[in-house]
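Participant: Just so it is clear, I am handing over target34.pdb, which has PDB, C-alpha atoms and all ligand atoms.
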ATOM      1  CA  VAL A   1      31.136   7.237 -24.156
ATOM      2  CA  ILE A   2      27.609   7.705 -25.485
ATOM      3  CA  MET A   3      28.899   7.672 -29.063
ATOM      4  CA  ILE A   4      30.869   4.467 -28.488
ATOM      5  CA  THR A   5      27.907   2.766 -26.790
ATOM      6  CA  LEU A   6      25.690   3.772 -29.710
ATOM      7  CA  ALA A   7      28.186   2.515 -32.257
ATOM      8  CA  VAL A   8      28.563  -0.804 -30.441
ATOM      9  CA  THR A   9      24.824  -1.423 -30.052
ATOM     10  CA  LEU A  10      24.268  -0.471 -33.667
ATOM     11  CA  THR A  11      26.955  -2.901 -34.857
ATOM     12  CA  LEU A  12      25.588  -5.661 -32.624
ATOM     13  CA  THR A  13      22.038  -5.098 -33.838
ATOM     14  CA  LEU A  14      23.124  -5.268 -37.452
ATOM     15  CA  ARG A  15      25.191  -8.395 -36.828
ATOM     16  CA  HIS A  16      22.337 -10.010 -34.979
ATOM     17  CA  ASN A  17      19.986  -9.331 -37.880
ATOM     18  CA  THR A  18      22.364 -10.748 -40.469
ATOM     19  CA  ASP A  19      23.021 -13.903 -38.530
ATOM     20  CA  GLN A  20      19.441 -14.875 -37.758
ATOM     21  CA  LEU A  21      17.967 -16.091 -41.021
ATOM     22  CA  LYS A  22      20.913 -17.762 -42.751
ATOM     23  CA  PRO A  23      21.570 -20.602 -40.250
ATOM     24  CA  ILE A  24      17.865 -21.528 -40.227
ATOM     25  CA  PHE A  25      17.786 -21.466 -44.033
ATOM     26  CA  ILE A  26      20.946 -23.595 -44.390
ATOM     27  CA  ASP A  27      19.888 -26.030 -41.671
ATOM     28  CA  ARG A  28      16.448 -26.640 -43.133
ATOM     29  CA  CYS A  29      17.905 -26.846 -46.654
ATOM     30  CA  LYS A  30      20.445 -29.511 -45.679
ATOM     31  CA  LYS A  31      17.600 -31.778 -44.502
ATOM     32  CA  PHE A  32      16.884 -32.211 -48.223
ATOM     33  CA  SER A  33      20.430 -33.620 -48.577
ATOM     34  CA  ARG A  34      21.546 -30.935 -50.982
ATOM     35  CA  ASN A  35      25.114 -29.739 -51.194
ATOM     36  CA  ASP A  36      24.266 -26.413 -52.846
ATOM     37  CA  CYS A  37      22.474 -24.774 -49.902
ATOM     38  CA  GLU A  38      25.009 -21.922 -49.656
ATOM     39  CA  LYS A  39      24.511 -21.240 -53.356
ATOM     40  CA  ILE A  40      20.710 -21.289 -52.980
ATOM     41  CA  TRP A  41      20.986 -18.884 -50.004
ATOM     42  CA  ASP A  42      23.049 -16.454 -52.096
ATOM     43  CA  VAL A  43      20.529 -16.542 -54.938
ATOM     44  CA  PHE A  44      17.639 -16.119 -52.451
ATOM     45  CA  LYS A  45      19.270 -13.108 -50.788
ATOM     46  CA  GLN A  46      19.750 -11.303 -54.114
ATOM     47  CA  ALA A  47      15.948 -11.054 -54.438
ATOM     48  CA  TYR A  48      15.550  -8.517 -51.612
ATOM     49  CA  VAL A  49      18.875  -7.227 -50.171
ATOM     50  CA  GLY A  50      19.508  -3.538 -50.668
ATOM     51  CA  LYS A  51      15.918  -2.970 -51.807
ATOM     52  CA  ASP A  52      13.025  -0.989 -50.381
ATOM     53  CA  PRO A  53      10.952  -3.750 -48.668
ATOM     54  CA  CYS A  54       7.803  -2.558 -50.453
ATOM     55  CA  GLU A  55       9.421  -2.819 -53.881
ATOM     56  CA  VAL A  56      10.237  -6.489 -54.254
ATOM     57  CA  PRO A  57       8.034  -7.930 -57.023
ATOM     58  CA  MET A  58       7.468 -11.676 -57.385
ATOM     59  CA  GLU A  59       9.791 -11.727 -60.445
ATOM     60  CA  ALA A  60      12.672 -10.926 -58.081
ATOM     61  CA  TYR A  61      12.542 -14.616 -57.115
ATOM     62  CA  ASP A  62      12.814 -15.960 -60.688
ATOM     63  CA  PRO A  63      16.528 -16.799 -60.245
ATOM     64  CA  LEU A  64      15.721 -18.618 -56.980
ATOM     65  CA  ILE A  65      13.060 -20.767 -58.660
ATOM     66  CA  ALA A  66      15.507 -21.494 -61.480
ATOM     67  CA  ALA A  67      18.179 -22.548 -58.962
ATOM     68  CA  ALA A  68      15.813 -24.867 -57.048
ATOM     69  CA  PRO A  69      12.992 -25.785 -59.441
ATOM     70  CA  PHE A  70       9.823 -27.644 -58.439
ATOM     71  CA  LYS A  71       9.527 -31.213 -59.667
ATOM     72  CA  PRO A  72       6.075 -32.381 -60.673
ATOM     73  CA  HIS A  73       4.500 -35.022 -58.395
ATOM     74  CA  CYS A  74       1.533 -36.082 -60.501
ATOM     75  CA  ASN A  75      -1.580 -37.177 -58.554
ATOM     76  CA  ARG A  76       0.052 -36.313 -55.198
ATOM     77  CA  MET A  77       0.009 -32.519 -55.203
ATOM     78  CA  MET A  78      -1.943 -30.826 -52.421
ATOM     79  CA  PHE A  79      -2.935 -27.146 -52.521
ATOM     80  CA  TRP A  80      -4.834 -25.442 -49.713
ATOM     81  CA  SER A  81      -6.397 -22.226 -48.476
ATOM     82  CA  LYS A  82      -7.164 -21.276 -44.849
ATOM     83  CA  THR A  83      -6.427 -24.851 -43.680
ATOM     84  CA  LYS A  84      -2.669 -24.530 -43.079
ATOM     85  CA  ASN A  85      -2.355 -26.347 -39.736
ATOM     86  CA  LEU A  86      -4.716 -29.184 -40.585
ATOM     87  CA  VAL A  87      -3.237 -29.862 -44.019
ATOM     88  CA  HIS A  88       0.328 -29.934 -42.709
ATOM     89  CA  LYS A  89      -0.563 -32.177 -39.796
ATOM     90  CA  PHE A  90      -1.979 -34.529 -42.432
ATOM     91  CA  THR A  91       0.916 -34.414 -44.948
ATOM     92  CA  GLU A  92       3.480 -34.677 -42.131
ATOM     93  CA  LYS A  93       2.149 -38.047 -41.044
ATOM     94  CA  ARG A  94       1.258 -39.522 -44.443
ATOM     95  CA  ASP A  95       3.034 -39.570 -47.759
ATOM     96  CA  CYS A  96       0.082 -39.705 -50.171
ATOM     97  CA  PHE A  97       0.139 -35.911 -50.646
ATOM     98  CA  LEU A  98       2.769 -33.172 -50.842
ATOM     99  CA  THR A  99       2.311 -29.452 -50.172
ATOM    100  CA  LEU A 100       4.711 -26.630 -50.998
ATOM    101  CA  GLU A 101       6.013 -26.825 -47.419
ATOM    102  CA  ASP A 102       7.012 -30.465 -48.002
ATOM    103  CA  MET A 103       9.352 -29.304 -50.792
ATOM    104  CA  LEU A 104      12.701 -27.538 -50.504
ATOM    105  CA  LEU A 105      11.829 -23.835 -50.850
ATOM    106  CA  GLY A 106       8.515 -24.017 -49.013
ATOM    107  CA  SER A 107      10.023 -25.979 -46.145
ATOM    108  CA  VAL A 108      13.041 -23.673 -45.821
ATOM    109  CA  LEU A 109      10.998 -20.443 -45.619
ATOM    110  CA  ASP A 110       7.800 -21.584 -43.881
ATOM    111  CA  GLY A 111       6.904 -19.331 -40.955
ATOM    112  CA  LEU A 112       9.804 -16.927 -41.512
ATOM    113  CA  THR A 113       9.941 -13.158 -42.072
ATOM    114  CA  TRP A 114      12.696 -11.342 -43.939
ATOM    115  CA  CYS A 115      13.444  -8.089 -45.737
ATOM    116  CA  GLY A 116      16.252  -5.798 -46.798
ATOM    117  CA  LYS A 117      16.779  -2.072 -46.685
ATOM    118  CA  GLU A 118      17.958   0.430 -49.292
ATOM    119  CA  GLY A 119      21.698   1.025 -49.062
ATOM    120  CA  SER A 120      22.267  -2.018 -46.847
ATOM    121  CA  SER A 121      23.494  -5.545 -47.573
ATOM    122  CA  GLU A 122      21.816  -6.933 -44.454
ATOM    123  CA  THR A 123      18.895  -9.299 -43.980
ATOM    124  CA  PHE A 124      16.394  -8.111 -41.401
ATOM    125  CA  THR A 125      13.932 -10.379 -39.601
ATOM    126  CA  THR A 126      12.079  -7.682 -37.668
ATOM    127  CA  GLY A 127      10.529  -4.397 -38.749
ATOM    128  CA  CYS A 128       9.553  -5.881 -42.115
ATOM    129  CA  PRO A 129       6.238  -4.956 -43.768
ATOM    130  CA  GLY A 130       3.251  -7.147 -42.909
ATOM    131  CA  TRP A 131       1.483  -9.338 -45.502
ATOM    132  CA  SER A 132      -1.045  -6.646 -46.506
ATOM    133  CA  GLU A 133       0.960  -3.527 -45.675
ATOM    134  CA  CYS A 134       2.216  -3.276 -49.233
ATOM    135  CA  GLU A 135       1.705  -5.682 -52.132
ATOM    136  CA  ASN A 136       5.342  -6.104 -53.196
ATOM    137  CA  ASN A 137       6.884  -7.121 -49.887
ATOM    138  CA  PRO A 138       9.628  -9.791 -49.857
ATOM    139  CA  VAL A 139       7.610 -12.446 -47.987
ATOM    140  CA  ARG A 140       4.370 -12.110 -49.933
ATOM    141  CA  SER A 141       6.216 -11.967 -53.267
ATOM    142  CA  PHE A 142       8.110 -15.126 -52.370
ATOM    143  CA  TRP A 143       4.923 -17.101 -51.594
ATOM    144  CA  ASN A 144       3.278 -15.735 -54.739
ATOM    145  CA  ARG A 145       6.254 -16.737 -56.907
ATOM    146  CA  ALA A 146       6.774 -20.161 -55.302
ATOM    147  CA  SER A 147       3.033 -20.914 -55.466
ATOM    148  CA  ALA A 148       3.003 -19.934 -59.142
ATOM    149  CA  ALA A 149       5.929 -22.253 -59.858
ATOM    150  CA  LEU A 150       4.236 -25.141 -58.066
ATOM    151  CA  ALA A 151       0.920 -24.555 -59.846
ATOM    152  CA  ASP A 152       2.785 -24.459 -63.187
ATOM    153  CA  VAL A 153       3.841 -28.097 -62.718
ATOM    154  CA  ALA A 154       0.501 -29.356 -61.320
ATOM    155  CA  CYS A 155      -0.367 -32.604 -63.107
ATOM    156  CA  GLY A 156      -2.806 -35.488 -63.088
ATOM    157  CA  ASP A 157      -5.342 -35.443 -60.263
ATOM    158  CA  VAL A 158      -4.713 -32.462 -57.988
ATOM    159  CA  THR A 159      -6.201 -31.980 -54.510
ATOM    160  CA  ALA A 160      -7.066 -28.720 -52.708
ATOM    161  CA  MET A 161      -8.057 -28.607 -49.042
ATOM    162  CA  LEU A 162     -10.404 -25.682 -48.417
ATOM    163  CA  ASN A 163     -12.042 -24.406 -45.237
ATOM    164  CA  GLY A 164     -15.781 -25.142 -44.884
ATOM    165  CA  SER A 165     -16.062 -23.138 -41.664
ATOM    166  CA  ILE A 166     -15.923 -19.809 -43.485
ATOM    167  CA  THR A 167     -18.501 -18.335 -45.846
ATOM    168  CA  THR A 168     -16.006 -17.878 -48.715
ATOM    169  CA  PRO A 169     -13.743 -20.947 -48.859
ATOM    170  CA  PHE A 170     -12.528 -19.833 -52.322
ATOM    171  CA  SER A 171     -11.489 -16.281 -51.464
ATOM    172  CA  PRO A 172     -10.461 -14.045 -54.411
ATOM    173  CA  THR A 173      -7.617 -12.465 -52.415
ATOM    174  CA  SER A 174      -6.040 -15.787 -51.394
ATOM    175  CA  VAL A 175      -2.870 -17.089 -53.020
ATOM    176  CA  PHE A 176      -4.823 -20.176 -54.054
ATOM    177  CA  ALA A 177      -7.424 -18.118 -55.982
ATOM    178  CA  SER A 178      -5.295 -15.218 -57.218
ATOM    179  CA  ILE A 179      -2.233 -17.220 -58.316
ATOM    180  CA  GLU A 180      -2.545 -21.001 -58.288
ATOM    181  CA  VAL A 181      -5.933 -21.705 -59.876
ATOM    182  CA  LYS A 182      -5.154 -19.239 -62.679
ATOM    183  CA  ARG A 183      -2.039 -21.238 -63.615
ATOM    184  CA  PHE A 184      -3.513 -24.750 -63.582
ATOM    185  CA  ASN A 185      -3.144 -26.043 -67.134
ATOM    186  CA  ALA A 186      -5.442 -28.626 -68.743
ATOM    187  CA  THR A 187      -2.652 -30.084 -70.892
ATOM    188  CA  LYS A 188      -1.023 -31.446 -67.730
ATOM    189  CA  MET A 189      -3.795 -31.443 -65.170
ATOM    190  CA  LYS A 190      -6.736 -33.832 -65.411
ATOM    191  CA  ARG A 191      -8.863 -32.967 -62.407
ATOM    192  CA  LEU A 192      -9.179 -30.761 -59.327
ATOM    193  CA  ASN A 193     -10.514 -32.564 -56.255
ATOM    194  CA  VAL A 194     -11.678 -30.096 -53.621
ATOM    195  CA  VAL A 195     -11.722 -31.441 -50.084
ATOM    196  CA  LEU A 196     -13.990 -29.076 -48.169
ATOM    197  CA  VAL A 197     -13.179 -29.447 -44.484
ATOM    198  CA  THR A 198     -16.321 -29.138 -42.386
ATOM    199  CA  GLN A 199     -16.964 -29.076 -38.664
ATOM    200  CA  THR A 200     -20.110 -30.283 -36.931
ATOM    201  CA  ASN A 201     -21.477 -26.731 -37.169
ATOM    202  CA  ALA A 202     -20.509 -26.363 -40.834
ATOM    203  CA  VAL A 203     -21.510 -23.047 -42.429
ATOM    204  CA  THR A 204     -20.599 -24.109 -45.949
ATOM    205  CA  ASN A 205     -21.012 -27.095 -48.245
ATOM    206  CA  CYS A 206     -20.014 -27.985 -51.799
ATOM    207  CA  THR A 207     -22.901 -25.917 -53.229
ATOM    208  CA  ASN A 208     -21.227 -22.712 -51.903
ATOM    209  CA  ALA A 209     -21.247 -19.735 -54.303
ATOM    210  CA  SER A 210     -17.471 -19.199 -54.158
ATOM    211  CA  LEU A 211     -16.933 -22.821 -55.246
ATOM    212  CA  LYS A 212     -19.063 -22.143 -58.330
ATOM    213  CA  ASP A 213     -16.612 -19.322 -59.121
ATOM    214  CA  LEU A 214     -13.723 -21.741 -58.663
ATOM    215  CA  ARG A 215     -15.299 -24.151 -61.128
ATOM    216  CA  LYS A 216     -15.759 -21.358 -63.672
ATOM    217  CA  GLU A 217     -12.180 -20.173 -63.342
ATOM    218  CA  LEU A 218     -10.658 -23.578 -64.058
ATOM    219  CA  ASP A 219      -9.010 -24.030 -67.431
ATOM    220  CA  LYS A 220     -11.456 -25.752 -69.822
ATOM    221  CA  GLY A 221     -10.833 -29.493 -69.797
ATOM    222  CA  ILE A 222      -9.920 -29.746 -66.109
ATOM    223  CA  LYS A 223     -12.575 -31.847 -64.379
ATOM    224  CA  TYR A 224     -13.867 -30.750 -60.993
ATOM    225  CA  ASN A 225     -15.066 -32.591 -57.946
ATOM    226  CA  CYS A 226     -15.901 -31.515 -54.384
ATOM    227  CA  THR A 227     -16.175 -33.687 -51.275
ATOM    228  CA  GLU A 228     -17.259 -32.556 -47.813
ATOM    229  CA  VAL A 229     -15.028 -34.142 -45.209
ATOM    230  CA  THR A 230     -15.193 -33.562 -41.460
ATOM    231  CA  GLU A 231     -12.144 -32.286 -39.640
ATOM    232  CA  PHE A 232     -12.469 -35.342 -37.404
ATOM    233  CA  GLN A 233     -12.116 -37.695 -40.405
ATOM    234  CA  ILE A 234      -8.938 -35.922 -41.529
ATOM    235  CA  GLU A 235      -7.476 -36.068 -38.028
ATOM    236  CA  GLU A 236      -8.346 -39.770 -37.833
ATOM    237  CA  CYS A 237      -6.441 -40.281 -41.069
ATOM    238  CA  SER A 238      -3.460 -38.261 -39.773
ATOM    239  CA  ASN A 239      -3.380 -40.317 -36.598
ATOM    240  CA  HIS A 240      -3.704 -43.650 -38.422
ATOM    241  CA  PRO A 241      -1.113 -43.641 -41.218
ATOM    242  CA  GLU A 242      -1.733 -47.364 -41.767
ATOM    243  CA  LYS A 243      -5.171 -46.586 -43.254
ATOM    244  CA  PRO A 244      -5.066 -46.459 -47.056
ATOM    245  CA  CYS A 245      -5.035 -42.880 -48.417
ATOM    246  CA  GLY A 246      -7.988 -43.666 -50.655
ATOM    247  CA  SER A 247     -10.157 -44.280 -47.585
ATOM    248  CA  CYS A 248      -9.624 -40.787 -46.098
ATOM    249  CA  TRP A 249     -12.319 -39.148 -48.236
TER     250      TRP A 249
HETATM  251  O1  LIG B 301      -3.496 -17.435 -49.487
HETATM  252  P1  LIG B 301      -3.703 -18.903 -49.402
HETATM  253  O2  LIG B 301      -3.963 -19.400 -47.988
HETATM  254  O3  LIG B 301      -4.796 -19.454 -50.269
HETATM  255  O4  LIG B 301      -2.355 -19.637 -49.808
HETATM  256  C1  LIG B 301      -2.219 -21.038 -49.809
HETATM  257  C2  LIG B 301      -1.710 -21.576 -51.125
HETATM  258  C3  LIG B 301      -1.263 -23.016 -50.922
HETATM  259  O5  LIG B 301      -1.892 -23.873 -51.880
HETATM  260  C4  LIG B 301       0.254 -22.988 -51.049
HETATM  261  O6  LIG B 301       0.702 -23.686 -52.217
HETATM  262  O7  LIG B 301      -0.563 -20.842 -51.534
HETATM  263  C5  LIG B 301       0.647 -21.513 -51.192
HETATM  264  N1  LIG B 301       1.178 -20.897 -49.949
HETATM  265  C6  LIG B 301       2.052 -21.565 -49.102
HETATM  266  O8  LIG B 301       2.513 -22.676 -49.372
HETATM  267  C7  LIG B 301       2.339 -20.963 -47.849
HETATM  268  N2  LIG B 301       3.053 -21.387 -46.783
HETATM  269  C8  LIG B 301       2.932 -20.481 -45.837
HETATM  270  C9  LIG B 301       0.749 -19.621 -49.609
HETATM  271  N3  LIG B 301       0.995 -19.050 -48.453
HETATM  272  C10 LIG B 301       1.785 -19.727 -47.550
HETATM  273  N4  LIG B 301       2.171 -19.477 -46.283
HETATM  274  C11 LIG B 301       1.707 -18.390 -45.448
HETATM  275  O9  LIG B 301       0.289 -18.609 -45.287
HETATM  276  C12 LIG B 301       1.841 -17.038 -46.063
HETATM  277  O10 LIG B 301       2.907 -16.367 -45.442
HETATM  278  C13 LIG B 301       0.499 -16.369 -45.768
HETATM  279  O11 LIG B 301       0.562 -15.585 -44.614
HETATM  280  C14 LIG B 301      -0.484 -17.430 -45.492
HETATM  281  C15 LIG B 301      -1.476 -17.633 -46.630
HETATM  282  O12 LIG B 301      -2.382 -18.614 -46.264
HETATM  283  P2  LIG B 301      -3.910 -18.670 -46.623
HETATM  284  O13 LIG B 301      -4.524 -17.310 -46.734
HETATM  285  O14 LIG B 301      -4.531 -19.611 -45.659
END
Would you mind writing the file's structure down as structure tokens?
Ligand code: N1C

Facilitator:
Amino acid sequence: VIMITLAVTLTLTLRHNTDQLKPIFIDRCKKFSRNDCEKIWDVFKQAYVGKDPCEVPMEAYDPLIAAAPFKPHCNRMMFWSKTKNLVHKFTEKRDCFLTLEDMLLGSVLDGLTWCGKEGSSETFTTGCPGWSECENNPVRSFWNRASAALADVACGDVTAMLNGSITTPFSPTSVFASIEVKRFNATKMKRLNVVLVTQTNAVTNCTNASLKDLRKELDKGIKYNCTEVTEFQIEECSNHPEKPCGSCW
């Protein structure tokens, strides 16, 4: 009896794991009115199934990026670091800017956790390594690869919303600093406009040391600009979509 109970619970657990991620992926994908969501899921899965969850490099997602490539949206691309909730509240309500999460792959995988296991064809959504537990984990490698692909097509005037309530708004370990800025290319990209989000008790302004590093790291030929904008102003703009985008900062 014990053996049977064990076998049944084990089977159910495995089933449960397999079935969790796919319906969310397909559902979110279909909102982009694509008819190849099953195909994209299969390509996605190949990146991590059957692998040690600490040995999935960002290149594992190359076929996924090739199957669902990022289109350039010149002058409307929005990057960010440590401002996730605020930036998405803004882009959700207004269409002047697009983040990775407003595009197919970013939207499909936002907020999710997944990994595989050696010798298994399952997708697990629990017991996966955390962001910093090991470098080459499936979730971190996905965001690194997708962010790289988006930065590769950055063009025209590009905006980045950074957090002015921390002492290092341009943090070397962030995806924005370690991946995106390094791939911005002056042949396509004219300017980087930093929107530094401040609160009434702001600890940082545009003269911040880390922002000087950002300026130095930009490909020669990309112009740079920084504007301090209060969180209140951005919320006002989110709540009043009728206001012209150009008046937000
Ligand atoms: O490390 P970050 O910020 O600088 O990464 C943000 C940067 C953005 O410009 C995006 O293009 O990198 C891209 N990106 C995402 O779009 C994204 N969505 C969700 C990077 N990380 C993303 N996440 C999750 O946020 C990710 O799982 C990780 O935990 C955070 C990184 O956010 P951060 O440190 O504020």

Participant: Which polymer residues have any atom within 9 Å of an atom of Phe176 in chain A, counting only C-alpha atoms, with same-chain residues fewer than 2 positions away left out, as a list in words?

Facilitator: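 Within the cut-off, the hits are Phe79, Trp80, Ser81, Ser147, Ala160, Phe170, Ser171, Pro172, Thr173, Ser174, Ser178, Ile179, Glu180, Val181 and Lys182 of chain A.
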
Participant: I need the residue nearest ligand LIG 301 (chain B) from this list: A:Tyr48, A:Phe124, A:Tyr224, A:Trp114. Use all atoms listed in the file for the distance.

Facilitator: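 Under the stated criterion, the closest residue is A:Trp114.
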
Participant: What do you get as a ChimeraX atom specification if you pick all residues at most 10 Å from ligand LIG 301 (chain B), counting only C-alpha atoms and all ligand atoms?

Facilitator: /A:77-85,87-88,98-103,105-107,109-113,130-132,139-151,159-163,169-181

Participant: Could you tell me how far CA of Asn75 in chain A sits from CA of Pro244 in chain A, in Å to one decimal place?

Facilitator: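 So the answer is 15.2 Å.
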
Participant: Once 8 Å is added on each side, what centre and edge lengths in Å to one decimal does the axis-aligned box around all listed atoms of range 65-80 of chain A have, as JSON?

Facilitator:
{"center_x": 6.7, "center_y": -29.0, "center_z": -55.6, "size_x": 39.0, "size_y": 32.4, "size_z": 27.8}

Participant: By how many Å are CA of Phe44 in chain A and CA of Cys74 in chain A apart?

Facilitator: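 Computing it gives 26.9 Å between the two atoms.
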
Participant: As a check of understanding, name the residues that the PyMOL selection byres (((chain A and resi 191-205) around 8) and not hetatm) selects in the supplied structure, as a ChimeraX atom specification.

Facilitator: /A:156-167,189-190,206-208,222-232,249

Participant: Mind telling me what the PyMOL selection byres (((chain A and resi 58-62) around 6) and not hetatm) catches here, as a ChimeraX atom specification?

Facilitator: /A:47,57,63-65,141,145
